[in-house]
Amino acid sequence: MMHRLRNAILIGCVAVIALRCVPAPTVPSDSTVFAAEADAVWVLCEGLWRSNDSQLWHVGTQRVTGDVVSLANLGERLGDTASDIVRNGDTLLIAVNGSRCIDAVDARTGQRLARIRLDGAKEPYRLALVNDSTLYCTNLNDDSMTEIDARSLRVRIAHIPAGPAPEGVDATTQIVAVANSGLGDLRRSEVDAGTVYIYRRSDMLRMHVITGLPNVASVRIDEARRLLWVSYRHFPSQPDSLGGVVAYDLSTFAERVRRRFSAPRAIEIDPVNGEVVVLHADGIDAVTLTSQRRIATHRSGGDAVWYGMGLHPSDGTIWIGDAKSYLTPGDVVVLDRSGHEVRRQRVGRNPTAFVFPTD
């Protein structure tokens, strides 16, 4: 009995000495908890409206990381509700309309660099980066745009008047184009609903108005071919009517071609061949001034709603945000240009926009 007791005491003493010899844990000098892959695609997940659950996902070839902003910024969230994202060098700029701000996030570490607050009740919706110093956002709820210094991350011009419910925006060094949707049936009778405003960038004065575009949604400028592409969706009260995409001459704004689609959701320009890839309710088509071809047939609805789209600049793949039922985590579906699925990845709810690796 005494022998066992002496052994227990000896073991206890050795354990205490050993514990004293173990160095105390230290906080790593490098506080980075996340590091992005160079070839990763950033996926913006909108979440549920007014649920404060928007997320930024990192989809790389080696790993996938969800909700990077919360991971890299202890106790913080991206906000409510994120609707668009662009990249300026190593900075991701994200429109978060419910939070009434534009977030600047480090594209290497996921750390929040700044939160650009917009004045009044402005809710940023779509973004257009002109160059490394100028960013425009549309404010859907107060019929305006805001110009932001993309370097200093400060508001440069708080309020630029637009038409009813401005949505899509794109810009060159010379002009800015803004789609005034009118929110479908809700404001369709208001002056300039269903138009595209063209501004002169030097002084932001309106120099032209394109009309005849019911529930206009997106604008994309193809400078190389001197074309402005616009999508419109028609009205929810007319379920059998078709929307479409229209190309305009960038110098005269004369219409060049119009192609009809059911409820276009997104348009992107392939800079290599000038094809405009259109996501619509029946799938994906590629159009030019002289051609049209179906890439993939898919009827959105039920548990498979193709909600957002982007084109990878390196390999030409089409990245689709599948919102499924809107209420559950969505998927990123990657197609080649023949419409074959090459990758599928589960992400957050309602994936809506993408940022691809820089060259």
# chains A, B, ... in the order shown; residues from 1 in each chain; ligands from 1
$ residues_around --residues "stretch 223-229 of chain A" --least-positions-apart "5" --cutoff "6 Å" --atoms "only C-alpha atoms" --output "PyMOL selection string"
chain A and resi 246-250
$ write_last_selection --atoms "N, CA and C atoms" --output "compact mmCIF listing (two decimals), in the first residue's frame"
# COMPACT_ATOMS: atom_id res chain seq x y z
N VAL A 246 -30.40 43.72 -76.51
CA VAL A 246 -30.30 44.64 -77.64
C VAL A 246 -28.87 45.17 -77.69
N ALA A 247 -28.33 45.28 -78.91
CA ALA A 247 -27.02 45.88 -79.12
C ALA A 247 -27.19 47.24 -79.77
N TYR A 248 -26.46 48.24 -79.25
CA TYR A 248 -26.49 49.59 -79.80
C TYR A 248 -25.08 50.00 -80.21
N ASP A 249 -25.02 50.78 -81.26
CA ASP A 249 -23.75 51.38 -81.68
C ASP A 249 -23.29 52.34 -80.59
N LEU A 250 -22.05 52.20 -80.16
CA LEU A 250 -21.57 52.98 -79.03
C LEU A 250 -21.32 54.45 -79.39
$ select_by_dssp --residues "stretch 72-321 of chain A" --states "helix (DSSP H, G or I)" --output "ChimeraX atom specification"
/A:72,223-225
$ write_last_selection --atoms "C-alpha atoms" --output "short mmCIF file (atom, residue, chain, number, x, y, z; two decimals), in the first residue's frame"
data_model
loop_
_atom_site.label_atom_id
_atom_site.label_comp_id
_atom_site.auth_asym_id
_atom_site.auth_seq_id
_atom_site.Cartn_x
_atom_site.Cartn_y
_atom_site.Cartn_z
CA ALA A 72 -11.00 36.49 -41.13
CA GLU A 223 -15.30 48.94 -76.27
CA ALA A 224 -13.32 46.79 -78.69
CA ARG A 225 -16.32 46.43 -81.01
#
$ select_by_dssp --residues "stretch 209-326 of chain A" --states "strand (DSSP E)" --output "mmCIF file with C-alpha atoms, in the first residue's frame"
data_model
loop_
_atom_site.group_PDB
_atom_site.id
_atom_site.type_symbol
_atom_site.label_atom_id
_atom_site.label_comp_id
_atom_site.auth_asym_id
_atom_site.auth_seq_id
_atom_site.Cartn_x
_atom_site.Cartn_y
_atom_site.Cartn_z
ATOM 1 C CA VAL A 209 -31.434 58.516 -73.349
ATOM 2 C CA ILE A 210 -32.203 55.121 -74.928
ATOM 3 C CA VAL A 216 -34.417 47.036 -68.323
ATOM 4 C CA ALA A 217 -31.864 45.252 -66.166
ATOM 5 C CA SER A 218 -28.234 45.021 -67.299
ATOM 6 C CA VAL A 219 -25.796 47.019 -69.410
ATOM 7 C CA ARG A 220 -22.419 45.859 -70.736
ATOM 8 C CA ILE A 221 -20.028 47.890 -72.883
ATOM 9 C CA ASP A 222 -17.851 46.209 -75.507
ATOM 10 C CA LEU A 227 -21.144 48.163 -78.849
ATOM 11 C CA LEU A 228 -23.450 48.655 -75.890
ATOM 12 C CA TRP A 229 -25.435 45.545 -74.910
ATOM 13 C CA VAL A 230 -28.591 45.856 -72.820
ATOM 14 C CA SER A 231 -30.975 43.270 -71.374
ATOM 15 C CA TYR A 232 -34.643 43.789 -70.493
ATOM 16 C CA GLY A 243 -37.657 40.074 -72.750
ATOM 17 C CA GLY A 244 -34.435 40.214 -74.697
ATOM 18 C CA VAL A 245 -31.025 41.714 -75.359
ATOM 19 C CA VAL A 246 -30.299 44.644 -77.638
ATOM 20 C CA ALA A 247 -27.019 45.882 -79.120
ATOM 21 C CA TYR A 248 -26.488 49.586 -79.796
ATOM 22 C CA ASP A 249 -23.754 51.376 -81.683
ATOM 23 C CA GLU A 255 -29.938 49.852 -82.544
ATOM 24 C CA ARG A 256 -27.902 47.142 -84.279
ATOM 25 C CA VAL A 257 -29.689 43.909 -83.311
ATOM 26 C CA ARG A 258 -32.396 42.670 -80.934
ATOM 27 C CA ARG A 259 -32.797 39.075 -79.768
ATOM 28 C CA ARG A 260 -35.663 37.771 -77.638
ATOM 29 C CA PHE A 261 -35.343 35.633 -74.505
ATOM 30 C CA ALA A 266 -27.477 38.207 -66.672
ATOM 31 C CA ILE A 267 -25.304 39.092 -69.669
ATOM 32 C CA GLU A 268 -21.519 38.905 -69.960
ATOM 33 C CA ILE A 269 -19.207 39.723 -72.877
ATOM 34 C CA VAL A 276 -22.468 37.921 -75.443
ATOM 35 C CA VAL A 277 -23.425 35.099 -73.114
ATOM 36 C CA VAL A 278 -27.026 35.419 -71.922
ATOM 37 C CA LEU A 279 -28.477 33.651 -68.888
ATOM 38 C CA HIS A 280 -32.255 33.422 -69.217
ATOM 39 C CA GLY A 283 -30.876 28.284 -70.269
ATOM 40 C CA ILE A 284 -27.834 30.002 -71.748
ATOM 41 C CA ASP A 285 -27.279 31.375 -75.262
ATOM 42 C CA ALA A 286 -24.352 33.069 -76.959
ATOM 43 C CA VAL A 287 -25.178 35.876 -79.389
ATOM 44 C CA GLN A 292 -27.103 32.979 -81.996
ATOM 45 C CA ARG A 293 -26.444 29.553 -80.505
ATOM 46 C CA ARG A 294 -27.738 27.626 -77.514
ATOM 47 C CA ILE A 295 -25.037 26.634 -75.024
ATOM 48 C CA ALA A 296 -27.217 24.937 -72.413
ATOM 49 C CA THR A 297 -30.920 24.299 -71.997
ATOM 50 C CA TRP A 306 -29.936 29.635 -62.240
ATOM 51 C CA TYR A 307 -29.618 32.960 -60.478
ATOM 52 C CA GLY A 308 -26.277 34.569 -61.391
ATOM 53 C CA MET A 309 -23.508 34.131 -63.963
ATOM 54 C CA GLY A 310 -19.909 35.020 -64.741
ATOM 55 C CA LEU A 311 -17.330 34.198 -67.432
ATOM 56 C CA ILE A 318 -19.314 29.773 -67.505
ATOM 57 C CA TRP A 319 -19.871 29.994 -63.750
ATOM 58 C CA ILE A 320 -23.517 29.802 -62.717
ATOM 59 C CA GLY A 321 -25.002 30.519 -59.325
ATOM 60 C CA ASP A 322 -27.764 27.952 -58.745
#
$ residues_around --residues "stretch 118-131 of chain A" --least-positions-apart "5" --cutoff "8 Å" --atoms "only C-alpha atoms" --output "PDB file with N, CA and C atoms, in the first residue's frame"
ATOM      1  N   SER A  83     -25.142  42.373 -53.007  1.00  0.00           N
ATOM      2  CA  SER A  83     -25.750  42.229 -54.331  1.00  0.00           C
ATOM      3  C   SER A  83     -24.764  42.267 -55.492  1.00  0.00           C
ATOM      4  N   ASP A  84     -23.537  42.774 -55.286  1.00  0.00           N
ATOM      5  CA  ASP A  84     -22.585  42.832 -56.398  1.00  0.00           C
ATOM      6  C   ASP A  84     -21.171  42.943 -55.855  1.00  0.00           C
ATOM      7  N   ILE A  85     -20.188  42.543 -56.699  1.00  0.00           N
ATOM      8  CA  ILE A  85     -18.792  42.549 -56.289  1.00  0.00           C
ATOM      9  C   ILE A  85     -17.900  42.814 -57.499  1.00  0.00           C
ATOM     10  N   VAL A  86     -16.852  43.615 -57.303  1.00  0.00           N
ATOM     11  CA  VAL A  86     -15.819  43.836 -58.321  1.00  0.00           C
ATOM     12  C   VAL A  86     -14.469  43.789 -57.616  1.00  0.00           C
ATOM     13  N   ASN A  88     -10.530  45.465 -57.471  1.00  0.00           N
ATOM     14  CA  ASN A  88      -9.604  46.533 -57.818  1.00  0.00           C
ATOM     15  C   ASN A  88      -8.240  46.173 -57.241  1.00  0.00           C
ATOM     16  N   ALA A  95     -21.052  45.595 -52.817  1.00  0.00           N
ATOM     17  CA  ALA A  95     -22.251  46.377 -52.504  1.00  0.00           C
ATOM     18  C   ALA A  95     -23.115  45.592 -51.532  1.00  0.00           C
ATOM     19  N   VAL A  96     -23.419  46.195 -50.391  1.00  0.00           N
ATOM     20  CA  VAL A  96     -24.236  45.551 -49.366  1.00  0.00           C
ATOM     21  C   VAL A  96     -25.418  46.486 -49.102  1.00  0.00           C
ATOM     22  N   ASN A  97     -26.516  46.244 -49.828  1.00  0.00           N
ATOM     23  CA  ASN A  97     -27.550  47.283 -49.887  1.00  0.00           C
ATOM     24  C   ASN A  97     -28.323  47.455 -48.587  1.00  0.00           C
ATOM     25  N   GLY A  98     -28.671  46.357 -47.911  1.00  0.00           N
ATOM     26  CA  GLY A  98     -29.410  46.504 -46.657  1.00  0.00           C
ATOM     27  C   GLY A  98     -28.603  47.205 -45.585  1.00  0.00           C
ATOM     28  N   SER A  99     -27.282  47.004 -45.620  1.00  0.00           N
ATOM     29  CA  SER A  99     -26.397  47.673 -44.672  1.00  0.00           C
ATOM     30  C   SER A  99     -25.995  49.073 -45.137  1.00  0.00           C
ATOM     31  N   ARG A 100     -26.433  49.447 -46.362  1.00  0.00           N
ATOM     32  CA  ARG A 100     -26.213  50.785 -46.914  1.00  0.00           C
ATOM     33  C   ARG A 100     -24.739  51.159 -46.963  1.00  0.00           C
ATOM     34  N   CYS A 101     -23.947  50.228 -47.512  1.00  0.00           N
ATOM     35  CA  CYS A 101     -22.519  50.484 -47.550  1.00  0.00           C
ATOM     36  C   CYS A 101     -21.875  49.689 -48.681  1.00  0.00           C
ATOM     37  N   ILE A 102     -20.625  50.030 -48.953  1.00  0.00           N
ATOM     38  CA  ILE A 102     -19.773  49.233 -49.828  1.00  0.00           C
ATOM     39  C   ILE A 102     -18.595  48.770 -48.992  1.00  0.00           C
ATOM     40  N   TYR A 136     -18.411  53.282 -59.647  1.00  0.00           N
ATOM     41  CA  TYR A 136     -19.787  53.778 -59.607  1.00  0.00           C
ATOM     42  C   TYR A 136     -20.691  52.696 -59.019  1.00  0.00           C
ATOM     43  N   CYS A 137     -21.684  53.134 -58.249  1.00  0.00           N
ATOM     44  CA  CYS A 137     -22.723  52.210 -57.798  1.00  0.00           C
ATOM     45  C   CYS A 137     -24.081  52.832 -58.047  1.00  0.00           C
ATOM     46  N   THR A 138     -25.041  51.984 -58.419  1.00  0.00           N
ATOM     47  CA  THR A 138     -26.421  52.455 -58.531  1.00  0.00           C
ATOM     48  C   THR A 138     -27.117  52.261 -57.189  1.00  0.00           C
ATOM     49  N   ASN A 139     -27.982  53.203 -56.877  1.00  0.00           N
ATOM     50  CA  ASN A 139     -28.773  53.133 -55.650  1.00  0.00           C
ATOM     51  C   ASN A 139     -30.225  52.936 -56.049  1.00  0.00           C
ATOM     52  N   LEU A 140     -30.645  51.695 -56.027  1.00  0.00           N
ATOM     53  CA  LEU A 140     -31.941  51.304 -56.569  1.00  0.00           C
ATOM     54  C   LEU A 140     -33.096  52.037 -55.900  1.00  0.00           C
ATOM     55  N   ASN A 141     -32.950  52.324 -54.628  1.00  0.00           N
ATOM     56  CA  ASN A 141     -34.094  52.817 -53.865  1.00  0.00           C
ATOM     57  C   ASN A 141     -34.288  54.325 -53.903  1.00  0.00           C
ATOM     58  N   ASP A 142     -33.251  55.096 -54.302  1.00  0.00           N
ATOM     59  CA  ASP A 142     -33.460  56.556 -54.318  1.00  0.00           C
ATOM     60  C   ASP A 142     -33.099  57.193 -55.653  1.00  0.00           C
ATOM     61  N   VAL A 155     -16.263  58.443 -50.559  1.00  0.00           N
ATOM     62  CA  VAL A 155     -17.267  58.925 -51.502  1.00  0.00           C
ATOM     63  C   VAL A 155     -16.770  60.208 -52.146  1.00  0.00           C
ATOM     64  N   ALA A 158     -21.678  62.078 -53.920  1.00  0.00           N
ATOM     65  CA  ALA A 158     -22.666  61.292 -53.174  1.00  0.00           C
ATOM     66  C   ALA A 158     -23.922  61.007 -53.974  1.00  0.00           C
ATOM     67  N   GLU A 167     -30.630  50.099 -62.070  1.00  0.00           N
ATOM     68  CA  GLU A 167     -30.084  48.776 -61.757  1.00  0.00           C
ATOM     69  C   GLU A 167     -28.678  48.651 -62.328  1.00  0.00           C
ATOM     70  N   GLY A 168     -28.533  48.036 -63.514  1.00  0.00           N
ATOM     71  CA  GLY A 168     -27.218  47.788 -64.075  1.00  0.00           C
ATOM     72  C   GLY A 168     -26.479  49.062 -64.438  1.00  0.00           C
ATOM     73  N   VAL A 169     -25.141  49.000 -64.335  1.00  0.00           N
ATOM     74  CA  VAL A 169     -24.293  50.131 -64.670  1.00  0.00           C
ATOM     75  C   VAL A 169     -22.998  49.613 -65.278  1.00  0.00           C
ATOM     76  N   ASP A 170     -22.480  50.318 -66.277  1.00  0.00           N
ATOM     77  CA  ASP A 170     -21.172  50.033 -66.838  1.00  0.00           C
ATOM     78  C   ASP A 170     -20.581  51.353 -67.310  1.00  0.00           C
ATOM     79  N   ALA A 171     -19.259  51.374 -67.474  1.00  0.00           N
ATOM     80  CA  ALA A 171     -18.610  52.652 -67.782  1.00  0.00           C
ATOM     81  C   ALA A 171     -17.306  52.434 -68.529  1.00  0.00           C
ATOM     82  N   THR A 172     -16.937  53.451 -69.291  1.00  0.00           N
ATOM     83  CA  THR A 172     -15.618  53.552 -69.911  1.00  0.00           C
ATOM     84  C   THR A 172     -14.988  54.840 -69.401  1.00  0.00           C
ATOM     85  N   THR A 173     -13.839  55.183 -69.937  1.00  0.00           N
ATOM     86  CA  THR A 173     -13.227  56.450 -69.549  1.00  0.00           C
ATOM     87  C   THR A 173     -14.018  57.641 -70.081  1.00  0.00           C
TER      88      THR A 173
END
$ closest_residue --among "A:Ala35, A:Ala107, A:Leu92, A:Ala165" --to "A:Leu135" --atoms "only C-alpha atoms"
A:Leu92
$ atom_distance --atom1 "atom CA of A:Ala36" --atom2 "atom CA of A:Val355"
12.8 Å
$ closest_residue --among "A:Trp57, A:Tyr326, A:Phe235, A:Phe253" --to "A:Val305" --atoms "only C-alpha atoms"
A:Tyr326
$ atom_distance --atom1 "atom CA of A:Ile94" --atom2 "atom CA of A:Arg115"
9.6 Å
$ residues_around --residues "A:Arg206" --least-positions-apart "6" --cutoff "10 Å" --atoms "only C-alpha atoms" --output "list in words"
Pro161, Ala162, Ile175, Val176, Ala177, Tyr197, Ile198, Tyr199 and Arg200 of chain A
$ write_last_selection --atoms "N, CA and C atoms" --output "CSV table (one decimal), in the first residue's frame"
chain,number,residue,atom,x,y,z
A,161,PRO,N,-28.1,62.2,-60.1
A,161,PRO,CA,-29.5,61.8,-60.4
A,161,PRO,C,-29.6,60.8,-61.5
A,162,ALA,N,-30.4,59.8,-61.3
A,162,ALA,CA,-30.7,58.7,-62.4
A,162,ALA,C,-32.2,58.7,-62.6
A,175,ILE,N,-17.8,57.4,-71.0
A,175,ILE,CA,-19.2,57.5,-70.7
A,175,ILE,C,-19.6,56.5,-69.6
A,176,VAL,N,-20.8,56.8,-69.0
A,176,VAL,CA,-21.4,55.8,-68.0
A,176,VAL,C,-22.8,55.5,-68.5
A,177,ALA,N,-23.1,54.2,-68.5
A,177,ALA,CA,-24.5,53.8,-68.9
A,177,ALA,C,-25.2,53.2,-67.7
A,197,TYR,N,-29.8,55.7,-69.4
A,197,TYR,CA,-29.2,57.0,-69.4
A,197,TYR,C,-27.7,56.8,-69.8
A,198,ILE,N,-27.2,57.7,-70.7
A,198,ILE,CA,-25.8,57.8,-71.0
A,198,ILE,C,-25.3,59.1,-70.5
A,199,TYR,N,-24.3,59.0,-69.6
A,199,TYR,CA,-23.6,60.2,-69.0
A,199,TYR,C,-22.3,60.5,-69.7
A,200,ARG,N,-21.9,61.7,-69.7
A,200,ARG,CA,-20.5,62.1,-70.1
A,200,ARG,C,-19.7,62.0,-68.8
$ closest_residue --among "A:Ala150, A:Gln174, A:Val333, A:Gly47" --to "A:Leu205" --atoms "only C-alpha atoms"
A:Gln174
$ closest_residue --among "A:Glu37, A:Arg112, A:Ala104, A:Arg346" --to "A:Gly60" --atoms "only C-alpha atoms"
A:Glu37
$ atom_distance --atom1 "atom CA of A:Val334" --atom2 "atom CA of A:Leu48"
23.1 Å
$ closest_residue --among "A:Asp331, A:Asp282, A:Glu76, A:Glu147" --to "A:Asn350" --atoms "only C-alpha atoms"
A:Asp331
$ decode --residues "stretch 258-283 of chain A" --atoms "C-alpha atoms" --output "mmCIF file, in the first residue's frame"
data_model
loop_
_atom_site.group_PDB
_atom_site.id
_atom_site.type_symbol
_atom_site.label_atom_id
_atom_site.label_comp_id
_atom_site.auth_asym_id
_atom_site.auth_seq_id
_atom_site.Cartn_x
_atom_site.Cartn_y
_atom_site.Cartn_z
ATOM 1 C CA ARG A 258 -32.396 42.670 -80.934
ATOM 2 C CA ARG A 259 -32.797 39.075 -79.768
ATOM 3 C CA ARG A 260 -35.663 37.771 -77.638
ATOM 4 C CA PHE A 261 -35.343 35.633 -74.505
ATOM 5 C CA SER A 262 -37.556 34.664 -71.617
ATOM 6 C CA ALA A 263 -36.574 36.699 -68.538
ATOM 7 C CA PRO A 264 -32.853 37.395 -69.081
ATOM 8 C CA ARG A 265 -31.050 37.295 -65.723
ATOM 9 C CA ALA A 266 -27.477 38.207 -66.672
ATOM 10 C CA ILE A 267 -25.304 39.092 -69.669
ATOM 11 C CA GLU A 268 -21.519 38.905 -69.960
ATOM 12 C CA ILE A 269 -19.207 39.723 -72.877
ATOM 13 C CA ASP A 270 -16.437 37.384 -73.963
ATOM 14 C CA PRO A 271 -13.581 39.814 -74.711
ATOM 15 C CA VAL A 272 -11.851 37.316 -77.005
ATOM 16 C CA ASN A 273 -14.554 36.740 -79.616
ATOM 17 C CA GLY A 274 -17.183 39.325 -78.705
ATOM 18 C CA GLU A 275 -19.891 36.757 -77.961
ATOM 19 C CA VAL A 276 -22.468 37.921 -75.443
ATOM 20 C CA VAL A 277 -23.425 35.099 -73.114
ATOM 21 C CA VAL A 278 -27.026 35.419 -71.922
ATOM 22 C CA LEU A 279 -28.477 33.651 -68.888
ATOM 23 C CA HIS A 280 -32.255 33.422 -69.217
ATOM 24 C CA ALA A 281 -35.183 31.362 -67.966
ATOM 25 C CA ASP A 282 -34.652 28.626 -70.588
ATOM 26 C CA GLY A 283 -30.876 28.284 -70.269
#
